[in-house]
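> Just structure39.cif, nothing more (mmCIF, C-alpha atoms):
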data_structure
loop_
_atom_site.label_atom_id
_atom_site.label_comp_id
_atom_site.auth_asym_id
_atom_site.auth_seq_id
_atom_site.Cartn_x
_atom_site.Cartn_y
_atom_site.Cartn_z
CA MET S 1 0.00 0.00 0.00
CA GLN S 2 1.38 3.38 -0.94
CA ALA S 3 1.36 6.07 1.69
CA THR S 4 0.05 9.49 0.75
CA PRO S 5 2.34 12.35 1.81
CA THR S 6 0.71 15.41 3.30
CA GLN S 7 2.32 18.67 2.24
CA GLU S 8 1.63 21.85 4.13
CA GLN S 9 2.76 25.13 2.67
CA ALA S 10 2.97 27.66 5.45
CA ALA S 11 0.13 30.15 5.53
CA GLY S 12 1.31 33.72 5.22
CA ALA S 13 4.57 32.71 3.56
CA PRO S 14 5.97 35.61 1.52
CA ARG S 15 6.08 34.99 -2.22
CA SER S 16 9.76 34.93 -3.12
CA ARG S 17 10.80 36.46 -6.42
CA LEU S 18 13.94 34.31 -6.29
CA GLY S 19 11.98 31.05 -6.11
CA MET S 20 12.49 29.87 -2.52
CA ARG S 21 9.73 28.25 -0.49
CA LEU S 22 9.31 25.85 2.40
CA GLU S 23 6.83 23.02 2.91
CA VAL S 24 6.28 20.56 5.75
CA LEU S 25 5.93 16.96 4.58
CA THR S 26 4.25 14.38 6.84
CA THR S 27 4.14 10.76 5.72
CA PRO S 28 2.55 7.65 7.23
CA ALA S 29 4.36 4.32 7.15
CA GLY S 30 4.44 2.69 3.73
CA VAL S 31 5.79 3.39 0.27
CA ILE S 32 6.82 7.03 -0.14
CA SER S 33 7.23 8.52 -3.59
CA ILE S 34 8.28 12.00 -4.58
CA GLU S 35 7.56 12.83 -8.18
CA ALA S 36 9.79 14.83 -10.52
CA ALA S 37 9.34 18.60 -10.31
CA ASP S 38 10.68 21.77 -11.87
CA ASP S 39 12.33 22.87 -8.62
CA HIS S 40 15.40 21.52 -6.87
CA ARG S 41 14.35 20.15 -3.48
CA LEU S 42 16.04 19.48 -0.18
CA LYS S 43 14.24 17.07 2.13
CA VAL S 44 15.44 17.62 5.69
CA HIS S 45 14.24 15.03 8.22
CA ALA S 46 12.69 16.94 11.12
CA GLY S 47 10.97 14.33 13.30
CA SER S 48 11.69 11.13 15.20
CA PRO S 49 13.96 8.48 13.64
CA VAL S 50 12.38 6.54 10.78
CA ARG S 51 13.39 3.04 9.67
CA GLY S 52 13.07 2.10 6.05
CA TRP S 53 14.59 0.61 2.95
CA CYS S 54 15.25 1.53 -0.63
CA GLY S 55 15.63 -1.56 -2.78
CA PRO S 56 17.96 -3.93 -0.90
CA HIS S 57 19.40 -1.15 1.30
CA ARG S 58 18.03 -0.57 4.80
CA PHE S 59 18.44 2.78 6.53
CA VAL S 60 17.55 4.75 9.63
CA CYS S 61 16.75 8.40 8.95
CA THR S 62 17.41 10.73 11.89
CA ARG S 63 16.80 14.44 12.49
CA GLY S 64 18.97 16.49 10.17
CA ASP S 65 19.44 13.85 7.48
CA ILE S 66 19.18 15.52 4.07
CA ASP S 67 18.09 14.19 0.70
CA LEU S 68 18.98 16.37 -2.28
CA LEU S 69 16.56 15.92 -5.19
CA PRO S 70 17.53 17.93 -8.30
CA ALA S 71 14.93 19.29 -10.69
CA GLY S 72 13.43 16.51 -12.78
CA TYR S 73 14.46 13.82 -10.29
CA SER S 74 11.94 11.42 -8.74
CA HIS S 75 12.49 8.94 -5.93
CA ALA S 76 10.60 6.22 -4.08
CA TRP S 77 11.34 4.19 -0.96
CA GLU S 78 9.52 2.47 1.90
CA GLU S 79 9.35 3.51 5.53
CA GLU S 80 8.24 1.51 8.57
CA ASP S 81 7.36 4.59 10.63
CA ALA S 82 5.52 7.85 10.13
CA GLY S 83 7.83 10.76 9.40
CA THR S 84 8.03 14.53 9.21
CA SER S 85 10.36 16.47 6.94
CA LEU S 86 10.95 19.98 5.75
CA ILE S 87 11.00 20.39 1.97
CA LEU S 88 13.03 23.35 0.78
CA HIS S 89 12.23 24.27 -2.83
CA LEU S 90 14.86 26.12 -4.85
CA SER S 91 13.95 27.21 -8.35
CA PRO S 92 16.47 26.85 -11.21
CA SER S 93 16.42 30.66 -11.50
CA LEU S 94 17.65 30.92 -7.89
CA LEU S 95 20.51 28.53 -8.67
CA ARG S 96 21.41 30.59 -11.75
CA ARG S 97 21.40 33.79 -9.68
CA ALA S 98 23.72 32.17 -7.14
CA ALA S 99 26.03 30.95 -9.91
CA MET S 100 26.30 34.46 -11.37
CA ASP S 101 27.05 35.89 -7.91
CA MET S 102 29.87 33.33 -7.62
CA GLY S 103 31.29 34.15 -11.05
CA ARG S 104 30.26 30.76 -12.40
CA ASN S 105 28.61 30.08 -15.75
CA PRO S 106 24.88 29.75 -14.92
CA ASP S 107 24.35 27.53 -17.97
CA THR S 108 26.69 24.82 -16.68
CA VAL S 109 25.83 24.57 -12.98
CA GLY S 110 23.68 21.79 -11.58
CA LEU S 111 23.09 19.60 -8.56
CA ASP S 112 23.50 15.85 -8.18
CA PRO S 113 21.14 13.66 -6.14
CA ARG S 114 22.39 12.83 -2.65
CA HIS S 115 20.81 10.76 0.11
CA GLN S 116 21.24 10.99 3.89
CA LEU S 117 23.66 13.85 3.50
CA ARG S 118 24.85 15.58 6.68
CA ASP S 119 25.60 19.27 6.35
CA PRO S 120 25.43 21.58 9.39
CA GLN S 121 25.05 24.71 7.27
CA VAL S 122 22.09 23.32 5.33
CA GLU S 123 20.53 22.23 8.63
CA HIS S 124 21.05 25.69 10.13
CA ILE S 125 19.28 27.34 7.19
CA ALA S 126 16.46 24.78 7.27
CA TRP S 127 15.82 25.27 10.99
CA ALA S 128 15.98 29.06 10.58
CA LEU S 129 13.40 28.94 7.77
CA ASP S 130 11.17 26.66 9.83
CA ALA S 131 11.40 28.96 12.86
CA GLU S 132 10.44 31.86 10.61
CA ARG S 133 7.48 29.81 9.31
CA VAL S 134 6.28 28.93 12.81
CA ALA S 135 6.51 32.59 13.85
CA GLY S 136 4.41 33.68 10.86
CA TYR S 137 7.27 35.14 8.80
CA PRO S 138 7.80 38.30 10.88
CA SER S 139 11.11 39.10 9.14
CA GLY S 140 9.51 39.33 5.72
CA LEU S 141 10.62 38.50 2.21
CA LEU S 142 14.15 39.86 2.42
CA TYR S 143 15.10 37.42 5.19
CA THR S 144 13.62 34.42 3.36
CA GLU S 145 15.29 35.33 0.07
CA SER S 146 18.61 35.92 1.81
CA LEU S 147 18.50 32.46 3.34
CA GLY S 148 17.48 30.93 0.03
CA LEU S 149 20.34 32.60 -1.83
CA ALA S 150 22.81 31.58 0.91
CA LEU S 151 21.59 28.00 0.59
CA ALA S 152 22.00 27.99 -3.19
CA VAL S 153 25.51 29.44 -2.96
CA HIS S 154 26.46 26.84 -0.36
CA LEU S 155 25.13 23.96 -2.47
CA LEU S 156 27.03 25.16 -5.55
CA GLY S 157 30.14 25.56 -3.43
CA ARG S 158 29.85 21.92 -2.36
CA ALA S 159 29.38 20.77 -5.95
CA ALA S 160 32.44 20.23 -8.08
CA ALA S 161 32.95 23.04 -10.50
CA PRO S 162 32.38 21.97 -14.09
CA SER S 163 35.54 20.96 -15.90
CA ARG S 164 36.76 23.61 -18.26
CA SER S 165 39.82 24.26 -20.32
CA PRO S 166 42.66 26.00 -18.44
CA ARG S 167 42.46 29.76 -18.86
CA GLY S 168 44.89 31.40 -21.25
CA LEU S 169 45.36 35.00 -22.30
CA SER S 170 42.24 36.96 -23.11
CA ARG S 171 41.61 37.68 -26.79
CA GLN S 172 42.66 41.27 -26.29
CA GLN S 173 45.86 40.30 -24.47
CA LEU S 174 46.82 37.73 -27.11
CA ARG S 175 46.12 40.18 -29.91
CA ARG S 176 48.25 42.88 -28.27
CA VAL S 177 51.17 40.55 -27.59
CA THR S 178 51.24 38.90 -31.02
CA ALA S 179 50.89 42.27 -32.76
CA TYR S 180 53.79 43.65 -30.73
CA ILE S 181 55.90 40.63 -31.66
CA GLU S 182 55.16 41.10 -35.36
CA GLU S 183 56.01 44.80 -35.21
CA HIS S 184 59.28 44.21 -33.36
CA LEU S 185 60.57 40.94 -34.83
CA ASP S 186 63.76 42.65 -35.98
CA GLN S 187 64.48 43.84 -32.44
CA SER S 188 65.52 42.15 -29.22
CA LEU S 189 62.35 40.96 -27.48
CA SER S 190 62.24 40.31 -23.76
CA LEU S 191 59.72 38.38 -21.68
CA GLU S 192 59.41 41.35 -19.34
CA ARG S 193 58.52 43.69 -22.20
CA LEU S 194 55.91 41.31 -23.63
CA ALA S 195 54.47 40.81 -20.15
CA GLY S 196 54.15 44.59 -19.89
CA VAL S 197 52.20 44.65 -23.16
CA ALA S 198 49.82 42.02 -21.73
CA GLU S 199 49.77 43.86 -18.37
CA ILE S 200 50.59 40.71 -16.40
CA SER S 201 53.71 39.31 -14.75
CA ALA S 202 56.39 37.55 -16.79
CA SER S 203 55.72 34.24 -15.05
CA HIS S 204 52.01 34.48 -15.86
CA LEU S 205 52.78 35.38 -19.46
CA LYS S 206 54.89 32.24 -19.89
CA THR S 207 52.06 30.04 -18.61
CA LEU S 208 49.10 31.76 -20.25
CA PHE S 209 50.76 32.34 -23.63
CA LYS S 210 51.50 28.62 -23.99
CA ARG S 211 47.92 27.76 -23.06
CA SER S 212 46.65 30.15 -25.73
CA THR S 213 49.00 29.22 -28.58
CA GLY S 214 50.38 25.80 -27.69
CA LEU S 215 53.92 27.22 -27.88
CA PRO S 216 56.31 28.79 -25.38
CA VAL S 217 56.86 32.50 -26.06
CA HIS S 218 60.42 32.06 -27.31
CA GLU S 219 59.43 29.24 -29.70
CA TYR S 220 56.54 31.31 -31.07
CA VAL S 221 58.96 34.20 -31.75
CA VAL S 222 61.43 31.88 -33.48
CA GLN S 223 58.69 30.50 -35.73
CA ARG S 224 57.48 33.99 -36.65
CA ARG S 225 61.08 35.05 -37.45
CA VAL S 226 61.55 31.96 -39.60
CA GLU S 227 58.35 32.76 -41.50
CA ARG S 228 59.48 36.35 -42.08
CA ALA S 229 62.91 35.19 -43.22
CA LYS S 230 61.28 32.70 -45.58
CA ALA S 231 59.13 35.42 -47.14
CA LEU S 232 62.15 37.72 -47.59
CA LEU S 233 64.31 34.99 -49.07
CA LEU S 234 61.58 33.99 -51.52
CA ARG S 235 61.23 37.62 -52.54
CA GLY S 236 64.88 37.44 -53.57
CA ASP S 237 65.94 41.10 -53.36
CA LEU S 238 68.06 40.89 -50.17
CA PRO S 239 71.18 38.88 -49.36
CA ALA S 240 70.84 36.22 -46.66
CA SER S 241 72.90 38.26 -44.22
CA GLN S 242 70.48 41.19 -44.51
CA VAL S 243 67.45 38.86 -44.27
CA ALA S 244 68.80 37.54 -40.98
CA ILE S 245 68.95 41.07 -39.59
CA GLU S 246 65.50 42.03 -40.93
CA ALA S 247 63.96 38.89 -39.36
CA GLY S 248 65.61 39.47 -36.00
CA PHE S 249 68.21 36.73 -35.97
CA ALA S 250 71.56 37.36 -34.32
CA HIS S 251 73.42 36.42 -37.50
CA GLN S 252 73.11 34.38 -40.69
CA SER S 253 74.23 31.11 -39.09
CA HIS S 254 71.60 31.51 -36.37
CA MET S 255 68.93 31.98 -39.03
CA ALA S 256 70.16 28.89 -40.89
CA ARG S 257 69.96 26.69 -37.76
CA CYS S 258 66.44 27.84 -36.93
CA MET S 259 65.21 27.42 -40.51
CA ARG S 260 66.53 23.87 -40.70
CA ARG S 261 64.85 23.02 -37.40
CA VAL S 262 61.49 24.64 -38.16
CA LEU S 263 61.15 24.19 -41.94
CA GLY S 264 63.64 21.44 -42.67
CA VAL S 265 65.34 23.54 -45.39
CA THR S 266 68.32 25.89 -45.56
CA PRO S 267 68.26 29.59 -46.47
CA THR S 268 70.26 28.77 -49.59
CA ALA S 269 67.61 26.30 -50.75
CA LEU S 270 64.86 28.86 -50.23
CA ALA S 271 66.80 31.59 -51.97
CA GLY S 272 67.16 29.28 -54.94
CA ARG S 273 63.39 29.20 -55.30
CA SER S 274 62.99 33.00 -55.47
CA PRO S 275 61.49 34.53 -58.65
CA ALA S 276 64.51 36.86 -58.95
CA ARG S 277 66.58 33.88 -59.86
#
Output the file's structure as structure tokens, nothing else.


Amino acid sequence: MQATPTQEQAAGAPRSRLGMRLEVLTTPAGVISIEAADDHRLKVHAGSPVRGWCGPHRFVCTRGDIDLLPAGYSHAWEEEDAGTSLILHLSPSLLRRAAMDMGRNPDTVGLDPRHQLRDPQVEHIAWALDAERVAGYPSGLLYTESLGLALAVHLLGRAAAPSRSPRGLSRQQLRRVTAYIEEHLDQSLSLERLAGVAEISASHLKTLFKRSTGLPVHEYVVQRRVERAKALLLRGDLPASQVAIEAGFAHQSHMARCMRRVLGVTPTALAGRSPAR
């Protein structure tokens, strides 16, 4: 026989714009089922201990035990005793608001189902909301919404942040640095100077530049110098010694070593392909 839960929404409860509300759930012994809903729900056991089982697993639910039921999640179990719980409803919009306040992407946050969770902070908020309910909500909407937002922030803080790619330079920073490199390839470039262009420290530039381009700064500069030298050699109007200077190499031999490593060809071979010849 399936037990029928009795839900009591507190009379006089302020209507929260953020989507936070509290209900009291009383259940007789028997099969208990909670259907899927649009809200995220926290079921906080508030009465005497209740014995029960879910599939092959037996449990004893005591005061303060928490079940976290995300939006769209349903659950059923059987209890041997009557029980009383607080049901805290949190709307998806409240979770999104909390995510934005935390600097998280609201489109990627979510909650996972948990059963018989113990969390003193969630309990504290639940008991505070229930005391407010019993007193007739004397503190008004602001207090209820503040507790609801604090609860959402706490739950998202417990949840693992979604995996994301390591942060590199911003688009603006990368554009400034690469443009500066192109404009000054024929000059001596320093990590400190490039870090100044990006307005970050040199150590951060080393890390973030590689994340953004896949190359260390010095290797990126070498490759850009090789590409410039290649273009000049193919143009065919400058001797190799002058090309080395124009591309920012220390000397012609340095250019030759870098070109063999990056392109697999020598400056002489490239010069032989120029239209001028």

> Which of these residues is nearest to Ala150 of chain S, using only C-alpha atoms: S:Lys43, S:Arg51, S:His124, S:Arg133?

S:His124

> Counting only C-alpha atoms, which of S:Pro267, S:Gly196, S:Pro113, S:Pro138 gets nearest to Ser253 of chain S?

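For Ser253 of chain S, the nearest of the candidates is S:Pro267.
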
> Given the file above and the PyMOL selection byres ((chain S and resi 68) around 7), which residues are selected, and can you give them as a PyMOL selection string?

chain S and resi 41-43+66-67+69-70+113-115

> Determine, for each residue of segment 204-251 of chain S having at least one atom at most 9 Å from an atom of segment 173-184 of chain S, the closest pair of atoms and their separation in Å to one decimal, counting all atoms listed in the file; order by chain and ascending number, as a Markdown table.


| residue | atom | partner | partner_atom | distance |
| --- | --- | --- | --- | --- |
| S:Phe209 | CA | S:Leu174 | CA | 7.5 |
| S:Ser212 | CA | S:Leu174 | CA | 7.7 |
| S:Thr213 | CA | S:Leu174 | CA | 8.9 |
| S:Val221 | CA | S:Ile181 | CA | 7.1 |
| S:Arg224 | CA | S:Glu182 | CA | 7.6 |
| S:Arg225 | CA | S:Glu182 | CA | 8.7 |
| S:Gly248 | CA | S:His184 | CA | 8.3 |

> Deliver the residues from the most recent selection as a file, using C-alpha atoms, as a PDB file, in the frame of the given file.


ATOM      1  CA  PHE S 209      50.760  32.340 -23.630  1.00  0.00           C
ATOM      2  CA  SER S 212      46.650  30.150 -25.730  1.00  0.00           C
ATOM      3  CA  THR S 213      49.000  29.220 -28.580  1.00  0.00           C
ATOM      4  CA  VAL S 221      58.960  34.200 -31.750  1.00  0.00           C
ATOM      5  CA  ARG S 224      57.480  33.990 -36.650  1.00  0.00           C
ATOM      6  CA  ARG S 225      61.080  35.050 -37.450  1.00  0.00           C
ATOM      7  CA  GLY S 248      65.610  39.470 -36.000  1.00  0.00           C
TER       8      GLY S 248
END

> Name the closest residue to Val122 of chain S among the candidates S:Leu151, S:Met102, S:Ala36, S:Leu263; distances are taken between atoms, counting all atoms listed in the file.

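Under the stated criterion, the closest residue is S:Leu151.
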
> Please write as a PDB file with C-alpha atoms, in the coordinates of the input the list of polymer residues whose atoms come within 12 Å of (65.8, 40.6, -43.2), counting all atoms listed in the file and keeping to the coordinates of the file.


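The result, written out as selection.pdb:
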ATOM      1  CA  LEU S 185      60.570  40.940 -34.830  1.00  0.00           C
ATOM      2  CA  ASP S 186      63.760  42.650 -35.980  1.00  0.00           C
ATOM      3  CA  GLN S 187      64.480  43.840 -32.440  1.00  0.00           C
ATOM      4  CA  ARG S 225      61.080  35.050 -37.450  1.00  0.00           C
ATOM      5  CA  VAL S 226      61.550  31.960 -39.600  1.00  0.00           C
ATOM      6  CA  GLU S 227      58.350  32.760 -41.500  1.00  0.00           C
ATOM      7  CA  ARG S 228      59.480  36.350 -42.080  1.00  0.00           C
ATOM      8  CA  ALA S 229      62.910  35.190 -43.220  1.00  0.00           C
ATOM      9  CA  LYS S 230      61.280  32.700 -45.580  1.00  0.00           C
ATOM     10  CA  ALA S 231      59.130  35.420 -47.140  1.00  0.00           C
ATOM     11  CA  LEU S 232      62.150  37.720 -47.590  1.00  0.00           C
ATOM     12  CA  LEU S 233      64.310  34.990 -49.070  1.00  0.00           C
ATOM     13  CA  LEU S 234      61.580  33.990 -51.520  1.00  0.00           C
ATOM     14  CA  ARG S 235      61.230  37.620 -52.540  1.00  0.00           C
ATOM     15  CA  GLY S 236      64.880  37.440 -53.570  1.00  0.00           C
ATOM     16  CA  ASP S 237      65.940  41.100 -53.360  1.00  0.00           C
ATOM     17  CA  LEU S 238      68.060  40.890 -50.170  1.00  0.00           C
ATOM     18  CA  PRO S 239      71.180  38.880 -49.360  1.00  0.00           C
ATOM     19  CA  ALA S 240      70.840  36.220 -46.660  1.00  0.00           C
ATOM     20  CA  SER S 241      72.900  38.260 -44.220  1.00  0.00           C
ATOM     21  CA  GLN S 242      70.480  41.190 -44.510  1.00  0.00           C
ATOM     22  CA  VAL S 243      67.450  38.860 -44.270  1.00  0.00           C
ATOM     23  CA  ALA S 244      68.800  37.540 -40.980  1.00  0.00           C
ATOM     24  CA  ILE S 245      68.950  41.070 -39.590  1.00  0.00           C
ATOM     25  CA  GLU S 246      65.500  42.030 -40.930  1.00  0.00           C
ATOM     26  CA  ALA S 247      63.960  38.890 -39.360  1.00  0.00           C
ATOM     27  CA  GLY S 248      65.610  39.470 -36.000  1.00  0.00           C
ATOM     28  CA  PHE S 249      68.210  36.730 -35.970  1.00  0.00           C
ATOM     29  CA  ALA S 250      71.560  37.360 -34.320  1.00  0.00           C
ATOM     30  CA  HIS S 251      73.420  36.420 -37.500  1.00  0.00           C
ATOM     31  CA  GLN S 252      73.110  34.380 -40.690  1.00  0.00           C
ATOM     32  CA  MET S 255      68.930  31.980 -39.030  1.00  0.00           C
ATOM     33  CA  PRO S 267      68.260  29.590 -46.470  1.00  0.00           C
TER      34      PRO S 267
END

> For Trp53 of chain S, list every protein, DNA or RNA residue within 8 Å, evaluated using only C-alpha atoms, and leave out those in the same chain fewer than 2 positions away; present the list as a list in words.

Arg51, Gly55, Pro56, His57, Arg58, Phe59, Trp77, Glu78 and Glu79 of chain S

> Could you write out that same residue set with C-alpha atoms as a PDB file, keeping the file's coordinate frame?


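Full text of selection_23.pdb as output:
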ATOM      1  CA  ARG S  51      13.390   3.040   9.670  1.00  0.00           C
ATOM      2  CA  GLY S  55      15.630  -1.560  -2.780  1.00  0.00           C
ATOM      3  CA  PRO S  56      17.960  -3.930  -0.900  1.00  0.00           C
ATOM      4  CA  HIS S  57      19.400  -1.150   1.300  1.00  0.00           C
ATOM      5  CA  ARG S  58      18.030  -0.570   4.800  1.00  0.00           C
ATOM      6  CA  PHE S  59      18.440   2.780   6.530  1.00  0.00           C
ATOM      7  CA  TRP S  77      11.340   4.190  -0.960  1.00  0.00           C
ATOM      8  CA  GLU S  78       9.520   2.470   1.900  1.00  0.00           C
ATOM      9  CA  GLU S  79       9.350   3.510   5.530  1.00  0.00           C
TER      10      GLU S  79
END

> Calculate how many Å separate atom CA of Gly72 of chain S from atom CA of Ile32 of chain S, rounding to one decimal.

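Distance between the two atoms: 17.1 Å.
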
> When the PyMOL selection byres ((chain S and resi 81) around 7) is applied to the structure above, which residues does it catch, written out as a list in words?

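On the file shown, the PyMOL selection byres ((chain S and resi 81) around 7) covers Pro28, Ala29, Val50, Arg51, Glu79, Glu80, Ala82 and Gly83 of chain S.
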
> Determine the residue set returned by the PyMOL selection byres ((chain S and resi 22) around 8) for the present structure, and present it as an MDAnalysis selection string.

chainID S and resid 9:10 20:21 23:24 86:89 129:130

> Between S:Leu149, S:Pro120, S:Asp112, S:Ala256, which is the closest to Ala271 of chain S once you count only C-alpha atoms?

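Closest candidate: S:Ala256.
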
> One decimal, in Å: what's the spacing between atom CA of Ala128 of chain S and atom CA of Gly157 of chain S?

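That distance, rounded to one decimal, is 20.2 Å.
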
> Find, counting only C-alpha atoms, the residue in S:Ala126, S:His40, S:Gly47, S:Ala135 that gets nearest to Arg96 of chain S.

S:His40

> Can you measure atom CA of Leu94 of chain S to atom CA of Gly148 of chain S for me? One decimal in Å is fine.

7.9 Å

> Using all atoms listed in the file, determine which residues lie at most 12 Å from Thr207 of chain S, disregarding the query and same-chain residues fewer than 4 positions distant; provide the list as a VMD selection string.

chain S and resid 166 to 169 191 195 200 to 203 211 to 217

> Output the selection as a PDB file, in the frame of the given file - C-alpha atoms for each residue.


ATOM      1  CA  PRO S 166      42.660  26.000 -18.440  1.00  0.00           C
ATOM      2  CA  ARG S 167      42.460  29.760 -18.860  1.00  0.00           C
ATOM      3  CA  GLY S 168      44.890  31.400 -21.250  1.00  0.00           C
ATOM      4  CA  LEU S 169      45.360  35.000 -22.300  1.00  0.00           C
ATOM      5  CA  LEU S 191      59.720  38.380 -21.680  1.00  0.00           C
ATOM      6  CA  ALA S 195      54.470  40.810 -20.150  1.00  0.00           C
ATOM      7  CA  ILE S 200      50.590  40.710 -16.400  1.00  0.00           C
ATOM      8  CA  SER S 201      53.710  39.310 -14.750  1.00  0.00           C
ATOM      9  CA  ALA S 202      56.390  37.550 -16.790  1.00  0.00           C
ATOM     10  CA  SER S 203      55.720  34.240 -15.050  1.00  0.00           C
ATOM     11  CA  ARG S 211      47.920  27.760 -23.060  1.00  0.00           C
ATOM     12  CA  SER S 212      46.650  30.150 -25.730  1.00  0.00           C
ATOM     13  CA  THR S 213      49.000  29.220 -28.580  1.00  0.00           C
ATOM     14  CA  GLY S 214      50.380  25.800 -27.690  1.00  0.00           C
ATOM     15  CA  LEU S 215      53.920  27.220 -27.880  1.00  0.00           C
ATOM     16  CA  PRO S 216      56.310  28.790 -25.380  1.00  0.00           C
ATOM     17  CA  VAL S 217      56.860  32.500 -26.060  1.00  0.00           C
TER      18      VAL S 217
END

> With distances taken over all atoms listed in the file, which residue among S:Leu205, S:Leu156, S:Leu117, S:Ala37 lies nearest Ser91 of chain S?

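Ranking S:Leu205, S:Leu156, S:Leu117, S:Ala37 by distance to Ser91 of chain S, first place goes to S:Ala37.
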
> If you count all atoms listed in the file, which residues fall within 9 Å of Ile34 of chain S, apart from same-chain ones fewer than 4 positions away, as an mmCIF file with C-alpha atoms, in the frame of the given file?


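What follows is the written file selection_36.cif:
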data_model
loop_
_atom_site.group_PDB
_atom_site.id
_atom_site.type_symbol
_atom_site.label_atom_id
_atom_site.label_comp_id
_atom_site.auth_asym_id
_atom_site.auth_seq_id
_atom_site.Cartn_x
_atom_site.Cartn_y
_atom_site.Cartn_z
ATOM 1 C CA PRO S 5 2.340 12.350 1.810
ATOM 2 C CA TYR S 73 14.460 13.820 -10.290
ATOM 3 C CA SER S 74 11.940 11.420 -8.740
ATOM 4 C CA HIS S 75 12.490 8.940 -5.930
ATOM 5 C CA ALA S 76 10.600 6.220 -4.080
#

> Just so I have it separately, write segment 119-150 of chain S from the block I sent, keeping C-alpha atoms, as a PDB file, in the first residue's frame.


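Result went into out-v9.pdb, see below:
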ATOM      1  CA  ASP S 119      25.598  19.274   6.350  1.00  0.00           C
ATOM      2  CA  PRO S 120      25.432  21.578   9.390  1.00  0.00           C
ATOM      3  CA  GLN S 121      25.054  24.712   7.271  1.00  0.00           C
ATOM      4  CA  VAL S 122      22.093  23.322   5.330  1.00  0.00           C
ATOM      5  CA  GLU S 123      20.526  22.232   8.630  1.00  0.00           C
ATOM      6  CA  HIS S 124      21.046  25.687  10.126  1.00  0.00           C
ATOM      7  CA  ILE S 125      19.277  27.337   7.186  1.00  0.00           C
ATOM      8  CA  ALA S 126      16.457  24.783   7.265  1.00  0.00           C
ATOM      9  CA  TRP S 127      15.816  25.270  10.991  1.00  0.00           C
ATOM     10  CA  ALA S 128      15.981  29.061  10.576  1.00  0.00           C
ATOM     11  CA  LEU S 129      13.399  28.941   7.774  1.00  0.00           C
ATOM     12  CA  ASP S 130      11.168  26.658   9.831  1.00  0.00           C
ATOM     13  CA  ALA S 131      11.398  28.961  12.861  1.00  0.00           C
ATOM     14  CA  GLU S 132      10.439  31.863  10.606  1.00  0.00           C
ATOM     15  CA  ARG S 133       7.481  29.812   9.308  1.00  0.00           C
ATOM     16  CA  VAL S 134       6.281  28.932  12.809  1.00  0.00           C
ATOM     17  CA  ALA S 135       6.507  32.586  13.851  1.00  0.00           C
ATOM     18  CA  GLY S 136       4.413  33.683  10.855  1.00  0.00           C
ATOM     19  CA  TYR S 137       7.266  35.143   8.802  1.00  0.00           C
ATOM     20  CA  PRO S 138       7.798  38.296  10.883  1.00  0.00           C
ATOM     21  CA  SER S 139      11.108  39.105   9.139  1.00  0.00           C
ATOM     22  CA  GLY S 140       9.506  39.330   5.717  1.00  0.00           C
ATOM     23  CA  LEU S 141      10.617  38.504   2.208  1.00  0.00           C
ATOM     24  CA  LEU S 142      14.146  39.857   2.417  1.00  0.00           C
ATOM     25  CA  TYR S 143      15.098  37.418   5.191  1.00  0.00           C
ATOM     26  CA  THR S 144      13.624  34.417   3.359  1.00  0.00           C
ATOM     27  CA  GLU S 145      15.289  35.331   0.072  1.00  0.00           C
ATOM     28  CA  SER S 146      18.614  35.921   1.807  1.00  0.00           C
ATOM     29  CA  LEU S 147      18.502  32.464   3.340  1.00  0.00           C
ATOM     30  CA  GLY S 148      17.477  30.931   0.025  1.00  0.00           C
ATOM     31  CA  LEU S 149      20.343  32.596  -1.825  1.00  0.00           C
ATOM     32  CA  ALA S 150      22.806  31.584   0.909  1.00  0.00           C
TER      33      ALA S 150
END
